[in-house]
$ cat model-v6.txt   # compact mmCIF, C-alpha atoms
# COMPACT_ATOMS: atom_id res chain seq x y z
CA MET N 1 126.97 109.40 66.32
CA SER N 2 129.40 106.45 66.25
CA VAL N 3 130.73 104.83 69.39
CA SER N 4 134.29 105.92 68.53
CA ARG N 5 133.26 109.59 68.35
CA VAL N 6 131.47 109.34 71.73
CA LEU N 7 134.54 107.81 73.32
CA LEU N 8 136.77 110.49 71.78
CA THR N 9 134.50 113.25 73.12
CA ILE N 10 134.61 111.76 76.62
CA LEU N 11 138.41 111.46 76.45
CA ILE N 12 138.85 115.09 75.37
CA THR N 13 136.50 116.25 78.16
CA LEU N 14 138.51 114.34 80.76
CA LEU N 15 141.79 115.77 79.48
CA LEU N 16 140.44 119.33 79.61
CA THR N 17 139.18 118.75 83.16
CA VAL N 18 142.61 117.52 84.30
CA VAL N 19 144.39 120.48 82.65
CA CYS N 20 142.00 123.02 84.20
CA PHE N 21 142.41 121.45 87.65
CA ALA N 22 146.20 121.46 87.38
CA ASP N 23 146.14 125.10 86.27
CA SER N 24 143.85 126.11 89.16
CA THR N 25 146.14 124.51 91.73
CA ASN N 26 149.33 125.89 90.21
CA THR N 27 150.88 128.90 91.92
CA SER N 28 153.84 131.07 91.10
CA SER N 29 154.61 131.40 94.81
CA GLU N 30 157.85 129.74 95.86
CA LEU N 31 156.14 128.84 99.12
CA PHE N 32 154.44 125.95 97.33
CA ASP N 33 156.96 125.44 94.53
CA GLY N 34 159.73 125.13 97.14
CA PRO N 35 159.59 121.88 99.08
CA PRO N 36 159.98 118.66 97.03
CA HIS N 37 156.41 117.55 97.74
CA PHE N 38 155.23 120.73 95.96
CA SER N 39 158.02 121.11 93.43
CA ASN N 40 158.05 117.53 92.10
CA GLY N 41 161.66 117.20 93.16
CA LYS N 42 163.05 120.24 91.29
CA ALA N 43 166.44 121.47 92.48
CA LEU N 44 166.31 124.55 94.72
CA SER N 45 168.84 127.33 94.96
CA PRO N 46 170.24 128.10 98.45
CA GLY N 47 168.22 130.56 100.50
CA TRP N 48 165.02 130.06 98.51
CA GLU N 49 162.93 130.10 101.71
CA ASN N 50 164.03 133.69 102.43
CA ARG N 51 162.85 134.89 99.01
CA ILE N 52 159.24 133.83 99.56
CA ASP N 53 156.69 136.64 99.81
CA TYR N 54 154.77 135.25 102.79
CA SER N 55 152.56 138.33 103.04
CA ALA N 56 151.07 137.59 99.62
CA GLU N 57 149.86 134.12 100.65
CA SER N 58 146.33 133.36 101.79
CA ASP N 59 145.50 132.32 105.36
CA LEU N 60 144.70 128.82 104.12
CA ARG N 61 148.04 128.34 102.34
CA LEU N 62 149.97 129.67 105.33
CA PHE N 63 148.02 127.35 107.62
CA TRP N 64 148.87 124.35 105.44
CA VAL N 65 152.54 125.11 105.83
CA ALA N 66 152.28 126.07 109.54
CA SER N 67 150.73 122.68 110.30
CA SER N 68 153.40 120.78 108.38
CA GLY N 69 155.28 118.25 110.45
CA GLU N 70 158.39 117.79 108.29
CA PRO N 71 161.47 118.82 110.32
CA LYS N 72 163.52 119.78 107.24
CA TRP N 73 160.99 122.47 106.33
CA GLU N 74 160.95 123.92 109.85
CA ALA N 75 162.29 127.26 108.54
CA ILE N 76 159.30 127.94 106.27
CA ARG N 77 156.88 126.50 108.87
CA LYS N 78 158.05 129.07 111.41
CA ARG N 79 157.82 131.90 108.88
CA ALA N 80 154.27 130.86 107.89
CA ASP N 81 153.36 130.63 111.56
CA SER N 82 154.70 134.09 112.44
CA THR N 83 153.05 135.63 109.35
CA LEU N 84 149.63 134.32 110.38
CA VAL N 85 150.13 135.54 113.96
CA SER N 86 151.20 138.98 112.72
CA ARG N 87 147.86 139.31 110.94
CA GLY N 88 146.23 139.32 114.38
CA LYS N 89 142.48 139.76 114.51
CA SER N 90 142.10 139.58 110.73
CA ALA N 91 143.30 135.94 110.82
CA VAL N 92 140.98 134.96 113.69
CA PRO N 93 137.83 134.16 111.61
CA PHE N 94 139.78 131.72 109.45
CA LEU N 95 141.45 130.07 112.45
CA ILE N 96 138.10 129.82 114.27
CA SER N 97 136.74 127.95 111.23
CA ARG N 98 139.52 125.36 111.71
CA LEU N 99 138.49 124.53 115.30
CA SER N 100 136.10 121.89 113.95
CA THR N 101 138.86 119.90 112.25
CA ASP N 102 139.34 116.23 113.10
CA ASP N 103 143.04 116.30 112.26
CA ALA N 104 145.19 116.18 115.42
CA ARG N 105 148.05 118.24 113.95
CA ASP N 106 145.66 120.89 112.67
CA ARG N 107 144.01 121.09 116.11
CA GLN N 108 147.39 121.60 117.76
CA THR N 109 148.38 124.22 115.19
CA VAL N 110 145.18 126.26 115.47
CA ASN N 111 145.45 126.15 119.27
CA GLN N 112 149.02 127.47 119.20
CA LEU N 113 148.28 130.18 116.63
CA LEU N 114 145.25 131.51 118.53
CA LYS N 115 147.23 131.38 121.77
CA LYS N 116 149.94 133.55 120.19
CA ILE N 117 147.36 135.99 118.81
CA GLY N 118 145.97 136.18 122.35
CA THR N 119 143.33 138.68 123.52
CA PRO N 120 142.00 139.62 120.03
CA ALA N 121 140.83 136.00 119.67
CA VAL N 122 139.00 135.76 123.03
CA GLU N 123 135.62 137.15 121.95
CA SER N 124 135.37 134.79 118.98
CA LEU N 125 136.43 131.79 121.08
CA LEU N 126 133.76 132.56 123.69
CA MET N 127 131.13 132.56 120.94
CA VAL N 128 132.33 129.14 119.76
CA ILE N 129 131.53 127.56 123.15
CA ASP N 130 127.85 128.44 122.64
CA THR N 131 127.62 127.80 118.90
CA ALA N 132 129.92 124.78 118.45
CA LYS N 133 128.46 121.95 116.39
CA SER N 134 130.46 119.33 118.24
CA ARG N 135 131.97 118.74 121.70
CA ASP N 136 135.43 118.54 120.12
CA GLU N 137 135.08 122.06 118.76
CA ALA N 138 133.84 123.43 122.10
CA THR N 139 136.56 121.69 124.15
CA LEU N 140 139.29 123.01 121.84
CA ALA N 141 137.90 126.55 122.21
CA ILE N 142 137.86 126.15 126.03
CA GLN N 143 141.40 124.79 126.04
CA THR N 144 142.61 127.70 123.92
CA LEU N 145 140.94 130.23 126.21
CA GLY N 146 142.77 128.69 129.15
CA ASP N 147 146.07 128.90 127.27
CA ILE N 148 145.47 132.58 126.49
CA GLY N 149 144.59 133.26 130.14
CA ASP N 150 142.50 136.40 129.61
CA SER N 151 140.48 137.37 132.71
CA THR N 152 137.40 138.26 130.63
CA ALA N 153 136.96 134.56 129.82
CA LEU N 154 136.78 133.45 133.48
CA PRO N 155 132.98 133.83 133.97
CA ARG N 156 132.24 131.68 130.91
CA LEU N 157 134.84 129.08 131.90
CA LEU N 158 133.29 128.91 135.37
CA GLN N 159 129.92 128.32 133.75
CA ALA N 160 131.44 125.57 131.58
CA ALA N 161 132.86 123.96 134.73
CA SER N 162 129.25 123.21 135.76
CA ASP N 163 128.14 121.92 132.36
CA THR N 164 126.20 118.66 132.24
CA ALA N 165 128.64 117.24 129.65
CA PHE N 166 131.64 115.72 131.44
CA ARG N 167 134.04 116.56 128.59
CA ILE N 168 133.12 120.24 128.84
CA ARG N 169 133.62 120.18 132.63
CA THR N 170 136.97 118.40 132.26
CA SER N 171 138.18 120.90 129.66
CA ALA N 172 137.02 123.83 131.82
CA ALA N 173 138.90 122.48 134.85
CA LEU N 174 142.01 122.11 132.69
CA ALA N 175 141.59 125.63 131.28
CA LEU N 176 141.18 127.18 134.74
CA MET N 177 144.33 125.36 135.85
CA SER N 178 146.30 127.28 133.21
CA TYR N 179 145.66 130.70 134.79
CA PRO N 180 148.62 132.00 136.82
CA LYS N 181 146.47 133.49 139.61
CA LEU N 182 142.77 132.90 140.15
CA PRO N 183 140.30 134.90 142.28
CA LEU N 184 138.82 133.25 145.38
CA SER N 185 135.46 132.57 143.71
CA VAL N 186 137.18 130.45 141.06
CA ILE N 187 139.35 128.67 143.64
CA GLU N 188 136.19 127.70 145.54
CA LYS N 189 134.73 126.30 142.32
CA MET N 190 137.88 124.27 141.75
CA ARG N 191 137.62 122.83 145.28
CA ASN N 192 134.13 121.60 144.35
CA LEU N 193 135.50 120.13 141.12
CA ALA N 194 138.20 118.36 143.16
CA GLN N 195 135.37 116.24 144.61
CA ASP N 196 133.62 115.56 141.29
CA LYS N 197 132.57 111.97 140.64
CA LEU N 198 134.58 111.86 137.40
CA PRO N 199 138.34 111.17 137.78
CA GLY N 200 139.47 113.43 134.91
CA ILE N 201 137.76 116.44 136.45
CA ARG N 202 139.14 115.69 139.93
CA ARG N 203 142.64 115.30 138.52
CA ASN N 204 142.64 118.62 136.65
CA ALA N 205 141.09 120.53 139.56
CA LEU N 206 143.53 119.12 142.14
CA ARG N 207 146.51 119.84 139.92
CA GLY N 208 145.22 123.38 139.45
CA LEU N 209 144.95 123.90 143.22
CA VAL N 210 148.59 122.83 143.63
CA LEU N 211 149.72 125.15 140.83
CA GLN N 212 147.80 128.00 142.46
CA SER N 213 149.76 127.38 145.72
CA ASP N 214 146.49 127.82 147.58
CA ILE N 215 147.08 127.05 151.28
CA PRO N 216 143.36 126.80 152.33
CA SER N 217 142.98 124.07 149.66
CA ILE N 218 145.58 121.80 151.30
CA PRO N 219 142.96 119.44 152.87
CA TYR N 220 141.53 118.82 149.38
CA ILE N 221 145.02 118.19 147.96
CA VAL N 222 145.92 115.76 150.73
CA GLY N 223 142.57 114.06 150.14
CA GLY N 224 143.59 113.65 146.51
CA LEU N 225 146.76 111.81 147.59
CA SER N 226 144.54 109.03 148.91
CA ASP N 227 142.17 109.04 145.91
CA SER N 228 141.09 105.63 144.65
CA MET N 229 142.38 106.47 141.14
CA PHE N 230 146.07 105.81 140.59
CA SER N 231 146.32 108.48 137.84
CA ILE N 232 145.12 111.17 140.27
CA ARG N 233 147.59 110.18 142.98
CA GLU N 234 150.50 110.11 140.55
CA THR N 235 149.51 113.39 138.85
CA LEU N 236 149.53 115.10 142.25
CA MET N 237 152.93 113.63 143.11
CA TYR N 238 154.31 114.78 139.75
CA THR N 239 152.92 118.29 140.27
CA LEU N 240 154.26 118.54 143.82
CA SER N 241 157.72 117.48 142.70
CA GLY N 242 157.83 119.92 139.78
CA LYS N 243 160.51 122.60 139.80
CA PRO N 244 159.60 126.25 139.14
CA SER N 245 159.77 127.29 135.49
CA LYS N 246 162.21 129.98 134.35
CA LYS N 247 159.33 132.46 134.33
CA ASP N 248 158.33 131.52 137.88
CA SER N 249 161.93 131.66 139.08
CA SER N 250 162.19 135.27 137.92
CA ASP N 251 158.96 136.17 139.75
CA MET N 252 160.08 136.47 143.38
CA ALA N 253 156.53 136.90 144.74
CA LYS N 254 155.33 133.74 143.01
CA LEU N 255 158.38 131.81 144.15
CA ALA N 256 157.84 132.95 147.76
CA ALA N 257 154.16 131.92 147.60
CA ARG N 258 155.17 128.50 146.30
CA GLU N 259 157.65 127.95 149.14
CA GLN N 260 155.08 129.11 151.70
CA PHE N 261 152.59 126.63 150.25
CA ARG N 262 155.11 123.77 150.37
CA SER N 263 155.93 124.59 153.99
CA ALA N 264 152.24 124.67 154.99
CA LEU N 265 151.59 121.36 153.20
CA ARG N 266 154.61 119.82 154.94
CA ASP N 267 153.27 120.94 158.35
CA PHE N 268 149.82 119.55 157.52
CA LEU N 269 151.35 116.17 156.65
CA ASP N 270 153.37 116.28 159.87
CA LYS N 271 150.16 116.36 161.87
CA LYS N 272 148.51 113.68 159.73
CA LEU N 273 151.45 111.25 159.67
CA LEU N 274 152.45 111.24 163.33
CA PRO N 275 149.24 109.75 164.79
CA ALA N 276 148.81 107.31 161.89
CA LEU N 277 152.36 105.98 162.32
CA GLU N 278 152.21 106.11 166.10
CA ARG N 279 149.20 103.80 166.34
CA GLN N 280 150.76 101.02 164.26
CA ASN N 281 154.27 101.34 165.71
CA TYR N 282 153.11 101.81 169.28
CA LEU N 283 151.39 98.43 169.21
CA GLU N 284 154.18 96.69 167.28
CA PHE N 285 157.06 98.00 169.41
CA HIS N 286 155.46 97.29 172.76
CA THR N 287 154.24 93.88 171.63
CA GLU N 288 157.85 92.98 170.79
CA GLN N 289 158.91 94.13 174.27
CA GLY N 290 155.97 92.39 175.91
CA VAL N 291 155.20 95.40 178.08
CA ILE N 292 151.84 96.67 176.86
CA SER N 293 150.04 98.32 179.77
CA ASN N 294 146.37 99.11 180.03
CA THR N 295 147.15 102.84 179.71
CA ARG N 296 149.17 102.36 176.52
CA THR N 297 146.58 100.08 174.98
CA ALA N 298 143.83 102.58 175.74
CA ARG N 299 145.88 105.41 174.21
CA ALA N 300 146.66 103.44 171.06
CA ALA N 301 143.00 102.58 170.59
CA THR N 302 142.09 106.26 170.37
CA LEU N 303 144.50 106.90 167.47
CA PRO N 304 143.22 106.71 163.86
CA VAL N 305 143.63 103.48 161.92
CA ALA N 306 146.14 103.94 159.12
CA ASP N 307 145.29 103.09 155.53
CA ASN N 308 148.64 101.85 154.24
CA ARG N 309 148.08 103.06 150.67
CA ALA N 310 147.19 106.55 151.84
CA LEU N 311 150.01 106.47 154.39
CA LEU N 312 152.52 105.57 151.67
CA MET N 313 151.34 108.46 149.47
CA TYR N 314 151.56 110.90 152.40
CA LEU N 315 155.12 109.76 153.08
CA ARG N 316 156.08 110.09 149.42
CA ALA N 317 154.66 113.62 149.34
CA TYR N 318 156.40 114.43 152.63
CA ARG N 319 159.74 113.25 151.22
CA THR N 320 159.13 115.19 147.99
CA LEU N 321 158.49 118.31 150.07
CA ASP N 322 161.82 117.75 151.88
CA GLY N 323 160.11 116.77 155.12
CA GLY N 324 162.91 115.89 157.49
CA LYS N 325 161.31 115.16 160.86
CA THR N 326 163.22 112.15 162.19
CA THR N 327 160.31 111.12 164.45
CA ILE N 328 158.20 110.39 161.37
CA TRP N 329 160.88 108.51 159.46
CA SER N 330 162.01 106.45 162.45
CA ARG N 331 158.43 105.26 162.92
CA ALA N 332 158.14 104.53 159.22
CA ALA N 333 161.33 102.43 159.52
CA LEU N 334 159.50 100.12 161.97
CA HIS N 335 156.34 99.74 159.91
CA THR N 336 155.06 96.28 159.00
CA ASP N 337 154.46 97.33 155.36
CA PRO N 338 157.74 96.94 153.37
CA ALA N 339 156.79 99.75 150.96
CA ILE N 340 156.61 102.17 153.90
CA ARG N 341 159.94 100.93 155.30
CA ALA N 342 161.40 101.49 151.81
CA GLU N 343 160.24 105.12 151.92
CA ALA N 344 162.16 105.53 155.19
CA VAL N 345 165.26 104.18 153.43
CA ARG N 346 164.83 106.69 150.59
CA ALA N 347 164.39 109.54 153.06
CA GLY N 348 167.52 108.46 154.93
CA THR N 349 169.60 108.58 151.75
CA LYS N 350 168.29 111.95 150.51
CA LYS N 351 169.53 115.37 151.57
CA GLN N 352 166.63 117.14 153.22
CA THR N 353 166.04 120.89 153.60
CA ASN N 354 166.14 120.45 157.38
CA GLY N 355 169.29 118.34 157.34
CA LYS N 356 169.79 114.69 156.48
CA VAL N 357 167.30 112.32 158.07
CA THR N 358 169.12 110.34 160.76
CA LEU N 359 168.08 106.71 160.98
CA ALA N 360 171.30 105.37 162.55
CA ARG N 361 169.31 103.60 165.27
CA TYR N 362 167.45 101.56 162.65
CA ALA N 363 170.16 101.39 159.96
CA LYS N 364 171.23 97.82 160.67
CA LYS N 365 167.64 96.58 160.87
CA LEU N 366 166.84 98.19 157.51
CA ARG N 367 170.08 96.96 155.93
CA ASP N 368 169.30 93.40 157.03
CA ASP N 369 165.65 93.63 155.97
CA PRO N 370 164.97 90.52 153.85
CA ASP N 371 162.11 92.06 151.89
CA PRO N 372 163.10 92.78 148.24
CA ILE N 373 161.11 96.05 148.22
CA VAL N 374 163.25 97.44 151.03
CA LYS N 375 166.48 96.13 149.48
CA ALA N 376 165.61 97.80 146.16
CA ALA N 377 165.32 101.18 147.93
CA TYR N 378 169.07 101.27 148.65

$ encode --input "model-v6.txt" --output "structure tokens"
Amino acid sequence: MSVSRVLLTILITLLLTVVCFADSTNTSSELFDGPPHFSNGKALSPGWENRIDYSAESDLRLFWVASSGEPKWEAIRKRADSTLVSRGKSAVPFLISRLSTDDARDRQTVNQLLKKIGTPAVESLLMVIDTAKSRDEATLAIQTLGDIGDSTALPRLLQAASDTAFRIRTSAALALMSYPKLPLSVIEKMRNLAQDKLPGIRRNALRGLVLQSDIPSIPYIVGGLSDSMFSIRETLMYTLSGKPSKKDSSDMAKLAAREQFRSALRDFLDKKLLPALERQNYLEFHTEQGVISNTRTARAATLPVADNRALLMYLRAYRTLDGGKTTIWSRAALHTDPAIRAEAVRAGTKKQTNGKVTLARYAKKLRDDPDPIVKAAY
């Protein structure tokens, strides 16, 4: 056989392969002939997306469209999404098979779809935790279970919260945080997690305790405000300052529990702030006056030494919770740390639940304060 004939045979084989592949990927469905990236730029008649027979498409094709990120095809993305969700339990095996994906958009899509399907997906997700081939797959399953919030998943999530792998424990703490109301046994587990050696686990557990409005957990929450990790302190402040969602606002019992929790936390901070501020200010004020007596010195020595970073976080939380006790803010106004004096300024310019904080006695001193941190607070 000549070289030319061999080359011709190879060329024909390649052409046939290309034609067969193109034919196998071609579909008559407008779902994939519609958008320009499927239609090769063909013109589309108005309303084409409403003429698509979504029910005839496979789970895979619908998932491709549901995970699309192009805003202009949002209409078909939503229709593909709702069609997959409407298939309920029959779509779960396919979606479970996508939990192992490395693609971030696919992971987000499968999480949202399974969350919408809800309870029918719980059993399969629980199995994934034990059979997952990777930590990513297991953590996504745990996250999705938390988003669904089915009570039957709680025992397994509690078990995951004690896993030796820190990523599994972190995901479990995050999942438990998503439940609207947890039983006492789970709350106690979250208190233990709030003292975990890993920051991510502490952060998720502490945030969950705040969202649960659990009053007996207040000492753990206040402890978190003085945590060595900045991200934990700021996450707690953000959570404490959060406003109730529309769903929470319509639930009067949940709203009342939240207000009761805020009030109890405010009272707890009252008791913690007063002695800490009193020790520092007692010594400063009486030193300025030159009238420190043996009795006063002895009393001041028995008060706890204030950690300024923790004290600042307590004051920020107290202000966020609308704490309006003038005794606390007047002592903060005399503090040697400018950041703490600045908090007193912010409290004095904010309407509090208990009335506006009155710092008239110290107004001039604060106004004339040369420190730029205090000046910036006005």

$ residues_around --input "model-v6.txt" --residues "segment 151-168 of chain N" --least-positions-apart "4" --cutoff "9 Å" --atoms "all atoms listed in the file" --output "list in words"
Val122, Glu123, Leu126, Ile129, Arg135, Asp136, Ala138, Thr139, Ile142, Leu145, Gly146, Ala172, Ala173, Ala175, Leu176, Tyr179, Leu182, Val186, Lys189, Met190, Leu193, Leu198, Gly200 and Ile201 of chain N

$ atom_distance --input "model-v6.txt" --atom1 "atom CA of Asp322 of chain N" --atom2 "atom CA of Met177 of chain N"
24.9 Å

$ atom_distance --input "model-v6.txt" --atom1 "atom CA of Ser86 of chain N" --atom2 "atom CA of Ser134 of chain N"
29.1 Å

$ axis_aligned_box --input "model-v6.txt" --around "segment 127-132 of chain N" --padding-each-side "6 Å" --output "lines of an AutoDock Vina configuration file"
center_x = 130.0
center_y = 128.7
center_z = 120.8
size_x = 16.7
size_y = 19.8
size_z = 16.7

$ closest_residue --input "model-v6.txt" --among "N:Lys365, N:Ser226, N:Val110, N:Asn308" --to "Glu137 of chain N" --atoms "all atoms listed in the file"
N:Val110

$ atom_distance --input "model-v6.txt" --atom1 "atom CA of Ser82 of chain N" --atom2 "atom CA of Asp59 of chain N"
11.7 Å

$ closest_residue --input "model-v6.txt" --among "N:Asp150, N:Glu188, N:Glu57, N:Asp371" --to "Arg341 of chain N" --atoms "all atoms listed in the file"
N:Asp371

$ closest_residue --input "model-v6.txt" --among "N:Lys78, N:Arg319, N:Lys364, N:Arg202" --to "Ser241 of chain N" --atoms "all atoms listed in the file"
N:Arg319

$ closest_residue --input "model-v6.txt" --among "N:Lys115, N:Arg262, N:Arg316, N:Arg191" --to "Glu234 of chain N" --atoms "all atoms listed in the file"
N:Arg316

$ closest_residue --input "model-v6.txt" --among "N:Ser178, N:Gln108, N:Thr327, N:Thr9" --to "Ala205 of chain N" --atoms "all atoms listed in the file"
N:Ser178

$ closest_residue --input "model-v6.txt" --among "N:Ser97, N:Ser124, N:Gln260, N:Asn204" --to "Leu174 of chain N" --atoms "all atoms listed in the file"
N:Asn204

$ residues_around --input "model-v6.txt" --residues "segment 215-225 of chain N" --least-positions-apart "4" --cutoff "7 Å" --atoms "only C-alpha atoms" --output "PDB file with C-alpha atoms, in the frame of the given file"
ATOM      1  CA  ARG N 191     137.620 122.830 145.280  1.00  0.00           C
ATOM      2  CA  LEU N 206     143.530 119.120 142.140  1.00  0.00           C
ATOM      3  CA  LEU N 209     144.950 123.900 143.220  1.00  0.00           C
ATOM      4  CA  ILE N 232     145.120 111.170 140.270  1.00  0.00           C
ATOM      5  CA  ARG N 233     147.590 110.180 142.980  1.00  0.00           C
ATOM      6  CA  LEU N 236     149.530 115.100 142.250  1.00  0.00           C
ATOM      7  CA  PHE N 261     152.590 126.630 150.250  1.00  0.00           C
ATOM      8  CA  ALA N 264     152.240 124.670 154.990  1.00  0.00           C
ATOM      9  CA  LEU N 265     151.590 121.360 153.200  1.00  0.00           C
ATOM     10  CA  ALA N 310     147.190 106.550 151.840  1.00  0.00           C
ATOM     11  CA  MET N 313     151.340 108.460 149.470  1.00  0.00           C
ATOM     12  CA  TYR N 314     151.560 110.900 152.400  1.00  0.00           C
TER      13      TYR N 314
END

$ decode --input "model-v6.txt" --residues "segment 178-245 of chain N" --atoms "C-alpha atoms" --output "PDB file, in the first residue's frame"
ATOM      1  CA  SER N 178     -27.637  26.858  60.690  1.00  0.00           C
ATOM      2  CA  TYR N 179     -30.369  25.154  62.746  1.00  0.00           C
ATOM      3  CA  PRO N 180     -33.024  27.586  64.024  1.00  0.00           C
ATOM      4  CA  LYS N 181     -33.384  25.894  67.431  1.00  0.00           C
ATOM      5  CA  LEU N 182     -31.088  23.259  68.886  1.00  0.00           C
ATOM      6  CA  PRO N 183     -31.716  20.873  71.814  1.00  0.00           C
ATOM      7  CA  LEU N 184     -29.673  21.325  75.002  1.00  0.00           C
ATOM      8  CA  SER N 185     -27.383  18.373  74.235  1.00  0.00           C
ATOM      9  CA  VAL N 186     -26.271  20.045  71.005  1.00  0.00           C
ATOM     10  CA  ILE N 187     -25.876  23.443  72.697  1.00  0.00           C
ATOM     11  CA  GLU N 188     -23.558  21.828  75.269  1.00  0.00           C
ATOM     12  CA  LYS N 189     -21.504  20.349  72.431  1.00  0.00           C
ATOM     13  CA  MET N 190     -21.240  23.773  70.806  1.00  0.00           C
ATOM     14  CA  ARG N 191     -19.997  25.254  74.100  1.00  0.00           C
ATOM     15  CA  ASN N 192     -17.191  22.681  74.024  1.00  0.00           C
ATOM     16  CA  LEU N 193     -16.447  23.582  70.407  1.00  0.00           C
ATOM     17  CA  ALA N 194     -16.294  27.258  71.431  1.00  0.00           C
ATOM     18  CA  GLN N 195     -13.125  26.339  73.359  1.00  0.00           C
ATOM     19  CA  ASP N 196     -11.549  24.252  70.579  1.00  0.00           C
ATOM     20  CA  LYS N 197      -7.881  24.894  69.853  1.00  0.00           C
ATOM     21  CA  LEU N 198      -8.638  25.678  66.199  1.00  0.00           C
ATOM     22  CA  PRO N 199      -9.880  29.246  65.467  1.00  0.00           C
ATOM     23  CA  GLY N 200     -12.290  28.276  62.664  1.00  0.00           C
ATOM     24  CA  ILE N 201     -14.149  25.870  64.925  1.00  0.00           C
ATOM     25  CA  ARG N 202     -14.294  28.376  67.797  1.00  0.00           C
ATOM     26  CA  ARG N 203     -15.609  31.060  65.463  1.00  0.00           C
ATOM     27  CA  ASN N 204     -18.427  28.945  64.033  1.00  0.00           C
ATOM     28  CA  ALA N 205     -19.451  27.584  67.438  1.00  0.00           C
ATOM     29  CA  LEU N 206     -19.510  31.026  69.095  1.00  0.00           C
ATOM     30  CA  ARG N 207     -21.505  32.518  66.246  1.00  0.00           C
ATOM     31  CA  GLY N 208     -23.949  29.625  66.528  1.00  0.00           C
ATOM     32  CA  LEU N 209     -24.414  30.244  70.264  1.00  0.00           C
ATOM     33  CA  VAL N 210     -25.273  33.895  69.555  1.00  0.00           C
ATOM     34  CA  LEU N 211     -27.738  32.919  66.817  1.00  0.00           C
ATOM     35  CA  GLN N 212     -29.357  30.434  69.209  1.00  0.00           C
ATOM     36  CA  SER N 213     -29.894  33.300  71.733  1.00  0.00           C
ATOM     37  CA  ASP N 214     -28.756  30.911  74.440  1.00  0.00           C
ATOM     38  CA  ILE N 215     -28.516  32.838  77.736  1.00  0.00           C
ATOM     39  CA  PRO N 216     -26.529  30.177  79.724  1.00  0.00           C
ATOM     40  CA  SER N 217     -23.856  30.382  76.972  1.00  0.00           C
ATOM     41  CA  ILE N 218     -23.206  34.100  77.588  1.00  0.00           C
ATOM     42  CA  PRO N 219     -19.938  33.503  79.551  1.00  0.00           C
ATOM     43  CA  TYR N 220     -18.566  31.601  76.527  1.00  0.00           C
ATOM     44  CA  ILE N 221     -19.654  34.386  74.164  1.00  0.00           C
ATOM     45  CA  VAL N 222     -18.079  37.100  76.303  1.00  0.00           C
ATOM     46  CA  GLY N 223     -14.943  34.956  76.465  1.00  0.00           C
ATOM     47  CA  GLY N 224     -14.941  34.947  72.673  1.00  0.00           C
ATOM     48  CA  LEU N 225     -14.926  38.764  72.640  1.00  0.00           C
ATOM     49  CA  SER N 226     -11.464  38.632  74.203  1.00  0.00           C
ATOM     50  CA  ASP N 227     -10.207  35.786  71.976  1.00  0.00           C
ATOM     51  CA  SER N 228      -6.651  36.147  70.695  1.00  0.00           C
ATOM     52  CA  MET N 229      -7.878  35.811  67.086  1.00  0.00           C
ATOM     53  CA  PHE N 230      -9.081  39.027  65.482  1.00  0.00           C
ATOM     54  CA  SER N 231     -11.414  37.169  63.082  1.00  0.00           C
ATOM     55  CA  ILE N 232     -13.278  35.592  66.021  1.00  0.00           C
ATOM     56  CA  ARG N 233     -13.723  38.899  67.835  1.00  0.00           C
ATOM     57  CA  GLU N 234     -14.982  40.643  64.710  1.00  0.00           C
ATOM     58  CA  THR N 235     -17.298  37.778  63.713  1.00  0.00           C
ATOM     59  CA  LEU N 236     -18.929  37.953  67.142  1.00  0.00           C
ATOM     60  CA  MET N 237     -19.344  41.731  66.885  1.00  0.00           C
ATOM     61  CA  TYR N 238     -20.883  41.361  63.421  1.00  0.00           C
ATOM     62  CA  THR N 239     -23.288  38.677  64.672  1.00  0.00           C
ATOM     63  CA  LEU N 240     -24.298  40.697  67.737  1.00  0.00           C
ATOM     64  CA  SER N 241     -25.011  43.755  65.608  1.00  0.00           C
ATOM     65  CA  GLY N 242     -27.081  41.843  63.049  1.00  0.00           C
ATOM     66  CA  LYS N 243     -30.726  42.791  62.636  1.00  0.00           C
ATOM     67  CA  PRO N 244     -33.442  40.112  62.648  1.00  0.00           C
ATOM     68  CA  SER N 245     -34.294  38.701  59.218  1.00  0.00           C
TER      69      SER N 245
END
